[in-house]
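S.K.: Quick one: this structure, given as structure tokens, is what I'll be asking you about.
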Amino acid sequence: MSAFVVDTNVPVVANGRAEQASPRCVLACVGALEKVHDGGVVLLDDGLRVLQEYMDNLSMSGQPGVGDFFMKWVWENQAVPDHCMRVTITLRLDDPDDFEEFPYDPDLAAFDRSDRKFVALALASSLRPTVLNAVDSDWWNYGPALARHGVLVDNLCPDHRAAAS
């Protein structure tokens, strides 16, 4: 069973709601979400930060897009261990926007604070999940530093990297 941390940009792109995403990118995101749905485990944090971000950006009704279907599926399966798993991540006492599990590394100092929960989640899990990314350039830009710390990232939209460079 494969474990995944799904950055919110993936279901948003799968919904066709990212102007910078090419049709190929949208299809890659749809395919990745289908793979997760068909046999993966989505990691969620115990503080509901990831789930709340999904809810803020996707429709709980499961429509009209594939990303919305993913949202509804996660919501309905959040307590089903074969589909979703909660992982504890710890807020830093001195910084409510950062996590103890996020690597203290000068090369990651400028990594997007709103995405640190995904890195913390990946590192706190014993399942060695893959982080799925579509169009967020930080995952590309900080890829080597993240990899040094054991964060596996699948950048689903290589055409976006060329456009973002």
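Residues in the structure tokens are named by chain (A, B, ... in the order shown) and by number from 1 within that chain; ligands are numbered from 1 in the order shown.
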Quick one: residues within 7 Å of segment 66-74 of chain A, only C-alpha atoms, excluding same-chain residues fewer than 3 positions away - as a list in words?
M.R.: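 Neighbouring residues, sequence-local ones excluded: Pro11, Val12, Ala14, Asn15, Val30, Leu33, Tyr54, Leu58, Ser59, Met60, Ser61, Gly62, Gln63, Asn77 and Gln78 of chain A.
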S.K.: Could you list, as a short mmCIF file (atom, residue, chain, number, x, y, z; two decimals) with C-alpha atoms, in the first residue's frame, every residue within 10 Å of Gly31 of chain A, counting only C-alpha atoms and ignoring same-chain residues fewer than 4 positions away?
M.R.:
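Wrote it out as selection_39.cif, contents follow:
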```
data_model
loop_
_atom_site.label_atom_id
_atom_site.label_comp_id
_atom_site.auth_asym_id
_atom_site.auth_seq_id
_atom_site.Cartn_x
_atom_site.Cartn_y
_atom_site.Cartn_z
CA ALA A 14 -7.59 18.35 -11.28
CA CYS A 25 -0.91 18.72 -16.11
CA VAL A 26 -4.64 18.50 -15.38
CA LEU A 27 -4.70 14.92 -16.70
CA LYS A 35 -4.23 6.18 -8.12
CA VAL A 36 -4.58 7.43 -4.55
CA HIS A 37 -8.29 6.58 -4.53
CA VAL A 66 -12.30 15.27 -9.86
CA LEU A 156 3.24 15.69 -11.59
#
```
S.K.: Determine, for each residue of segment 1-22 of chain A having at least one atom at most 8 Å from an atom of segment 126-144 of chain A, the closest pair of atoms and their separation in Å to one decimal, counting only C-alpha atoms; order by chain and ascending number, as JSON lines.
M.R.:
```
{"residue": "A:Ser2", "atom": "CA", "partner": "A:Pro129", "partner_atom": "CA", "distance": 7.0}
{"residue": "A:Ala3", "atom": "CA", "partner": "A:Pro129", "partner_atom": "CA", "distance": 4.5}
{"residue": "A:Phe4", "atom": "CA", "partner": "A:Pro129", "partner_atom": "CA", "distance": 4.8}
{"residue": "A:Val5", "atom": "CA", "partner": "A:Val131", "partner_atom": "CA", "distance": 4.6}
{"residue": "A:Val6", "atom": "CA", "partner": "A:Leu132", "partner_atom": "CA", "distance": 5.0}
{"residue": "A:Asp7", "atom": "CA", "partner": "A:Asn133", "partner_atom": "CA", "distance": 5.8}
{"residue": "A:Asn9", "atom": "CA", "partner": "A:Ala134", "partner_atom": "CA", "distance": 6.1}
{"residue": "A:Val10", "atom": "CA", "partner": "A:Ala134", "partner_atom": "CA", "distance": 5.2}
{"residue": "A:Val13", "atom": "CA", "partner": "A:Ala134", "partner_atom": "CA", "distance": 7.1}
{"residue": "A:Gln20", "atom": "CA", "partner": "A:Val135", "partner_atom": "CA", "distance": 7.7}
{"residue": "A:Ala21", "atom": "CA", "partner": "A:Val135", "partner_atom": "CA", "distance": 6.9}
```
S.K.: Could you write those residues out with N, CA and C atoms, as a PDB file, in the first residue's frame?
M.R.:
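As written to disk, selection05.pdb reads:
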```
ATOM      1  N   SER A   2       0.614   2.157  -0.900  1.00  0.00           N
ATOM      2  CA  SER A   2       1.383   3.390  -1.022  1.00  0.00           C
ATOM      3  C   SER A   2       0.720   4.500  -0.221  1.00  0.00           C
ATOM      4  N   ALA A   3       1.548   5.312   0.404  1.00  0.00           N
ATOM      5  CA  ALA A   3       1.045   6.442   1.186  1.00  0.00           C
ATOM      6  C   ALA A   3       1.385   7.741   0.458  1.00  0.00           C
ATOM      7  N   PHE A   4       0.458   8.705   0.583  1.00  0.00           N
ATOM      8  CA  PHE A   4       0.608   9.970  -0.120  1.00  0.00           C
ATOM      9  C   PHE A   4       0.257  11.144   0.783  1.00  0.00           C
ATOM     10  N   VAL A   5       1.013  12.207   0.614  1.00  0.00           N
ATOM     11  CA  VAL A   5       0.662  13.521   1.134  1.00  0.00           C
ATOM     12  C   VAL A   5       0.277  14.315  -0.108  1.00  0.00           C
ATOM     13  N   VAL A   6      -0.952  14.787  -0.150  1.00  0.00           N
ATOM     14  CA  VAL A   6      -1.465  15.440  -1.357  1.00  0.00           C
ATOM     15  C   VAL A   6      -1.557  16.939  -1.115  1.00  0.00           C
ATOM     16  N   ASP A   7      -0.648  17.695  -1.725  1.00  0.00           N
ATOM     17  CA  ASP A   7      -0.732  19.154  -1.640  1.00  0.00           C
ATOM     18  C   ASP A   7      -2.043  19.577  -2.291  1.00  0.00           C
ATOM     19  N   ASN A   9      -2.828  21.847  -4.139  1.00  0.00           N
ATOM     20  CA  ASN A   9      -2.800  22.279  -5.534  1.00  0.00           C
ATOM     21  C   ASN A   9      -3.109  21.139  -6.497  1.00  0.00           C
ATOM     22  N   VAL A  10      -2.930  19.903  -6.087  1.00  0.00           N
ATOM     23  CA  VAL A  10      -3.205  18.775  -6.986  1.00  0.00           C
ATOM     24  C   VAL A  10      -4.708  18.640  -7.263  1.00  0.00           C
ATOM     25  N   VAL A  13      -5.907  21.673  -9.328  1.00  0.00           N
ATOM     26  CA  VAL A  13      -5.569  21.546 -10.746  1.00  0.00           C
ATOM     27  C   VAL A  13      -6.457  20.497 -11.407  1.00  0.00           C
ATOM     28  N   GLN A  20      -2.457  28.351 -14.835  1.00  0.00           N
ATOM     29  CA  GLN A  20      -1.094  28.057 -15.275  1.00  0.00           C
ATOM     30  C   GLN A  20      -0.894  26.587 -15.628  1.00  0.00           C
ATOM     31  N   ALA A  21      -1.881  25.735 -15.332  1.00  0.00           N
ATOM     32  CA  ALA A  21      -1.741  24.303 -15.576  1.00  0.00           C
ATOM     33  C   ALA A  21      -2.156  23.951 -17.004  1.00  0.00           C
TER      34      ALA A  21
END
```
S.K.: Would you mind listing what lies within 12 Å of Leu146 of chain A as JSON, numbers by chain, with only C-alpha atoms counted and same-chain residues fewer than 2 positions away left out?
M.R.: {"A": [102, 103, 104, 105, 106, 107, 108, 109, 111, 116, 118, 119, 120, 122, 123, 130, 131, 138, 139, 140, 141, 142, 143, 144, 148, 149, 150, 151, 152, 153, 154]}
S.K.: Tell me, in Å to one decimal, how far atom CA of Ala124 of chain A is from atom CA of Glu34 of chain A.
M.R.: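 Atom CA of Glu34 of chain A lies 24.6 Å from atom CA of Ala124 of chain A.
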S.K.: Enumerate the residues of chain A with a DSSP assignment of strand (DSSP E or B), computed from the backbone, and present them as number ranges by chain.
M.R.: A: 2-6, 40-45, 84-87, 91-92, 95-99, 130-133, 152-155
S.K.: Keeping only N, CA and C atoms, take the residues you just selected and write them out as a CSV table (one decimal), in the first residue's frame.
M.R.:
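Here's the written file part.csv:
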```
chain,number,residue,atom,x,y,z
A,2,SER,N,0.6,2.2,-0.9
A,2,SER,CA,1.4,3.4,-1.0
A,2,SER,C,0.7,4.5,-0.2
A,3,ALA,N,1.5,5.3,0.4
A,3,ALA,CA,1.0,6.4,1.2
A,3,ALA,C,1.4,7.7,0.5
A,4,PHE,N,0.5,8.7,0.6
A,4,PHE,CA,0.6,10.0,-0.1
A,4,PHE,C,0.3,11.1,0.8
A,5,VAL,N,1.0,12.2,0.6
A,5,VAL,CA,0.7,13.5,1.1
A,5,VAL,C,0.3,14.3,-0.1
A,6,VAL,N,-1.0,14.8,-0.1
A,6,VAL,CA,-1.5,15.4,-1.4
A,6,VAL,C,-1.6,16.9,-1.1
A,40,GLY,N,-4.3,3.8,-2.5
A,40,GLY,CA,-3.3,4.5,-1.7
A,40,GLY,C,-4.0,4.9,-0.3
A,41,VAL,N,-3.1,5.4,0.5
A,41,VAL,CA,-3.5,6.0,1.8
A,41,VAL,C,-3.1,7.5,1.8
A,42,VAL,N,-4.1,8.3,2.1
A,42,VAL,CA,-3.8,9.7,2.2
A,42,VAL,C,-3.5,10.0,3.7
A,43,LEU,N,-2.4,10.8,3.9
A,43,LEU,CA,-2.0,11.1,5.2
A,43,LEU,C,-2.6,12.5,5.6
A,44,LEU,N,-3.2,12.6,6.7
A,44,LEU,CA,-3.8,13.8,7.3
A,44,LEU,C,-3.2,14.0,8.6
A,45,ASP,N,-3.1,15.3,9.0
A,45,ASP,CA,-2.6,15.6,10.3
A,45,ASP,C,-3.6,15.6,11.4
A,84,CYS,N,-7.2,6.5,4.7
A,84,CYS,CA,-6.7,7.7,5.3
A,84,CYS,C,-6.0,7.4,6.7
A,85,MET,N,-5.0,8.1,7.0
A,85,MET,CA,-4.3,7.9,8.3
A,85,MET,C,-3.9,9.2,8.9
A,86,ARG,N,-4.2,9.4,10.1
A,86,ARG,CA,-3.9,10.6,10.9
A,86,ARG,C,-2.5,10.5,11.4
A,87,VAL,N,-1.7,11.5,11.3
A,87,VAL,CA,-0.4,11.5,11.8
A,87,VAL,C,-0.2,12.8,12.7
A,91,LEU,N,3.3,21.7,16.4
A,91,LEU,CA,3.6,23.1,16.2
A,91,LEU,C,4.8,23.5,17.1
A,92,ARG,N,5.6,24.4,16.5
A,92,ARG,CA,6.8,24.9,17.2
A,92,ARG,C,6.2,25.9,18.3
A,95,ASP,N,6.8,29.5,17.1
A,95,ASP,CA,6.4,29.9,15.8
A,95,ASP,C,5.1,29.1,15.4
A,96,PRO,N,3.9,29.7,15.5
A,96,PRO,CA,2.7,28.9,15.3
A,96,PRO,C,2.5,28.6,13.8
A,97,ASP,N,3.4,29.0,12.9
A,97,ASP,CA,3.2,28.7,11.5
A,97,ASP,C,4.3,27.6,11.1
A,98,ASP,N,4.9,27.0,12.0
A,98,ASP,CA,6.0,26.0,11.7
A,98,ASP,C,5.8,24.8,12.6
A,99,PHE,N,6.5,23.8,12.3
A,99,PHE,CA,6.4,22.5,12.9
A,99,PHE,C,7.7,21.9,13.3
A,130,THR,N,4.9,9.6,-0.5
A,130,THR,CA,5.2,10.5,-1.6
A,130,THR,C,4.4,11.8,-1.5
A,131,VAL,N,5.0,12.9,-1.6
A,131,VAL,CA,4.2,14.2,-1.6
A,131,VAL,C,3.9,14.4,-3.1
A,132,LEU,N,2.6,14.6,-3.4
A,132,LEU,CA,2.2,14.9,-4.7
A,132,LEU,C,2.1,16.4,-4.9
A,133,ASN,N,2.7,17.0,-5.9
A,133,ASN,CA,2.6,18.4,-6.3
A,133,ASN,C,2.3,18.5,-7.7
A,152,LEU,N,10.1,12.6,-0.2
A,152,LEU,CA,10.0,12.2,-1.6
A,152,LEU,C,8.9,13.0,-2.3
A,153,VAL,N,9.2,13.7,-3.4
A,153,VAL,CA,8.2,14.5,-4.0
A,153,VAL,C,8.0,14.0,-5.5
A,154,ASP,N,6.7,13.9,-5.8
A,154,ASP,CA,6.4,13.5,-7.2
A,154,ASP,C,5.8,14.8,-7.8
A,155,ASN,N,6.6,15.5,-8.6
A,155,ASN,CA,6.1,16.7,-9.4
A,155,ASN,C,5.4,16.2,-10.6
```
S.K.: May I have all residues of segment 12-122 of chain A that DSSP, computed from the backbone, assigns to helix (DSSP H, G or I), given as a ChimeraX atom specification?
M.R.: /A:12-14,23-39,49-57,66-77,106-108,113-122
S.K.: Just to be explicit: take each residue in the selection above, keep N, CA and C atoms, and write the result as a compact mmCIF listing (two decimals), in the first residue's frame.
M.R.:
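Produced file selection-v6.txt, reproduced below:
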```txt
# COMPACT_ATOMS: atom_id res chain seq x y z
N VAL A 12 -6.95 20.91 -6.83
CA VAL A 12 -7.38 22.17 -7.45
C VAL A 12 -7.09 22.13 -8.96
N VAL A 13 -5.91 21.67 -9.33
CA VAL A 13 -5.57 21.55 -10.75
C VAL A 13 -6.46 20.50 -11.41
N ALA A 14 -6.71 19.39 -10.72
CA ALA A 14 -7.59 18.35 -11.28
C ALA A 14 -8.98 18.90 -11.57
N PRO A 23 -3.24 21.31 -20.10
CA PRO A 23 -4.13 20.15 -20.14
C PRO A 23 -3.43 18.86 -19.71
N ARG A 24 -2.18 18.71 -20.09
CA ARG A 24 -1.40 17.53 -19.69
C ARG A 24 -1.25 17.48 -18.16
N CYS A 25 -1.04 18.62 -17.56
CA CYS A 25 -0.91 18.72 -16.11
C CYS A 25 -2.22 18.33 -15.42
N VAL A 26 -3.33 18.84 -15.94
CA VAL A 26 -4.64 18.50 -15.38
C VAL A 26 -4.84 16.99 -15.43
N LEU A 27 -4.54 16.37 -16.57
CA LEU A 27 -4.70 14.92 -16.70
C LEU A 27 -3.78 14.16 -15.75
N ALA A 28 -2.56 14.66 -15.55
CA ALA A 28 -1.64 14.01 -14.61
C ALA A 28 -2.19 14.06 -13.19
N CYS A 29 -2.80 15.17 -12.83
CA CYS A 29 -3.38 15.31 -11.49
C CYS A 29 -4.59 14.41 -11.32
N VAL A 30 -5.43 14.34 -12.34
CA VAL A 30 -6.58 13.43 -12.31
C VAL A 30 -6.09 11.99 -12.13
N GLY A 31 -5.08 11.60 -12.90
CA GLY A 31 -4.53 10.25 -12.79
C GLY A 31 -3.95 9.96 -11.42
N ALA A 32 -3.25 10.93 -10.86
CA ALA A 32 -2.65 10.73 -9.53
C ALA A 32 -3.73 10.57 -8.47
N LEU A 33 -4.78 11.37 -8.53
CA LEU A 33 -5.86 11.24 -7.56
C LEU A 33 -6.59 9.91 -7.71
N GLU A 34 -6.73 9.44 -8.94
CA GLU A 34 -7.34 8.12 -9.16
C GLU A 34 -6.47 7.03 -8.55
N LYS A 35 -5.16 7.15 -8.70
CA LYS A 35 -4.23 6.18 -8.12
C LYS A 35 -4.35 6.17 -6.59
N VAL A 36 -4.42 7.34 -5.99
CA VAL A 36 -4.58 7.43 -4.55
C VAL A 36 -5.89 6.78 -4.13
N HIS A 37 -6.95 7.11 -4.83
CA HIS A 37 -8.29 6.58 -4.53
C HIS A 37 -8.33 5.06 -4.67
N ASP A 38 -7.66 4.54 -5.68
CA ASP A 38 -7.76 3.11 -5.99
C ASP A 38 -6.85 2.22 -5.16
N GLY A 39 -5.96 2.76 -4.38
CA GLY A 39 -5.11 1.87 -3.60
C GLY A 39 -4.10 2.56 -2.72
N ARG A 49 -5.36 20.42 9.90
CA ARG A 49 -4.91 21.54 9.07
C ARG A 49 -5.05 21.22 7.59
N VAL A 50 -4.63 20.01 7.19
CA VAL A 50 -4.71 19.63 5.78
C VAL A 50 -6.18 19.50 5.36
N LEU A 51 -6.96 18.83 6.17
CA LEU A 51 -8.38 18.66 5.85
C LEU A 51 -9.07 20.02 5.74
N GLN A 52 -8.75 20.94 6.63
CA GLN A 52 -9.35 22.28 6.56
C GLN A 52 -8.94 23.00 5.28
N GLU A 53 -7.69 22.85 4.88
CA GLU A 53 -7.25 23.49 3.64
C GLU A 53 -7.98 22.90 2.44
N TYR A 54 -8.16 21.59 2.44
CA TYR A 54 -8.95 20.97 1.38
C TYR A 54 -10.36 21.57 1.37
N MET A 55 -10.98 21.66 2.54
CA MET A 55 -12.35 22.16 2.63
C MET A 55 -12.46 23.62 2.18
N ASP A 56 -11.40 24.39 2.40
CA ASP A 56 -11.40 25.80 1.99
C ASP A 56 -11.27 25.97 0.48
N ASN A 57 -10.76 24.94 -0.21
CA ASN A 57 -10.46 25.07 -1.64
C ASN A 57 -11.23 24.13 -2.55
N VAL A 66 -12.98 16.42 -10.43
CA VAL A 66 -12.30 15.27 -9.86
C VAL A 66 -11.67 15.64 -8.51
N GLY A 67 -11.16 16.85 -8.40
CA GLY A 67 -10.61 17.30 -7.11
C GLY A 67 -11.68 17.37 -6.04
N ASP A 68 -12.87 17.78 -6.42
CA ASP A 68 -13.99 17.81 -5.48
C ASP A 68 -14.40 16.39 -5.07
N PHE A 69 -14.38 15.47 -6.04
CA PHE A 69 -14.66 14.07 -5.73
C PHE A 69 -13.64 13.56 -4.71
N PHE A 70 -12.37 13.93 -4.90
CA PHE A 70 -11.31 13.56 -3.96
C PHE A 70 -11.63 14.11 -2.57
N MET A 71 -12.06 15.37 -2.50
CA MET A 71 -12.41 15.98 -1.21
C MET A 71 -13.50 15.18 -0.51
N LYS A 72 -14.55 14.86 -1.23
CA LYS A 72 -15.65 14.10 -0.64
C LYS A 72 -15.18 12.73 -0.19
N TRP A 73 -14.36 12.08 -0.99
CA TRP A 73 -13.84 10.76 -0.65
C TRP A 73 -12.98 10.83 0.61
N VAL A 74 -12.10 11.81 0.71
CA VAL A 74 -11.28 11.97 1.91
C VAL A 74 -12.18 12.21 3.12
N TRP A 75 -13.15 13.09 2.98
CA TRP A 75 -14.06 13.39 4.08
C TRP A 75 -14.76 12.13 4.57
N GLU A 76 -15.28 11.36 3.62
CA GLU A 76 -16.03 10.15 3.98
C GLU A 76 -15.15 9.02 4.51
N ASN A 77 -13.85 9.07 4.18
CA ASN A 77 -12.95 7.98 4.57
C ASN A 77 -11.87 8.39 5.56
N PRO A 106 19.02 25.82 6.80
CA PRO A 106 19.05 27.14 6.15
C PRO A 106 18.60 27.10 4.69
N ASP A 107 18.81 25.96 4.03
CA ASP A 107 18.39 25.84 2.63
C ASP A 107 16.87 25.77 2.48
N LEU A 108 16.15 25.57 3.58
CA LEU A 108 14.69 25.50 3.55
C LEU A 108 14.03 26.68 4.27
N ARG A 113 5.57 28.81 4.06
CA ARG A 113 5.11 28.46 5.40
C ARG A 113 3.78 27.70 5.38
N SER A 114 2.94 28.00 4.42
CA SER A 114 1.65 27.30 4.37
C SER A 114 1.79 25.85 3.92
N ASP A 115 2.92 25.49 3.33
CA ASP A 115 3.13 24.12 2.88
C ASP A 115 4.01 23.31 3.84
N ARG A 116 4.48 23.94 4.89
CA ARG A 116 5.33 23.22 5.84
C ARG A 116 4.60 22.08 6.52
N LYS A 117 3.29 22.21 6.66
CA LYS A 117 2.51 21.12 7.27
C LYS A 117 2.63 19.84 6.44
N PHE A 118 2.71 19.97 5.11
CA PHE A 118 2.83 18.80 4.25
C PHE A 118 4.18 18.12 4.44
N VAL A 119 5.24 18.91 4.56
CA VAL A 119 6.58 18.36 4.80
C VAL A 119 6.62 17.69 6.17
N ALA A 120 6.09 18.38 7.18
CA ALA A 120 6.07 17.82 8.53
C ALA A 120 5.31 16.50 8.54
N LEU A 121 4.21 16.46 7.86
CA LEU A 121 3.39 15.25 7.78
C LEU A 121 4.16 14.11 7.13
N ALA A 122 4.83 14.40 6.04
CA ALA A 122 5.62 13.37 5.35
C ALA A 122 6.72 12.83 6.25
```
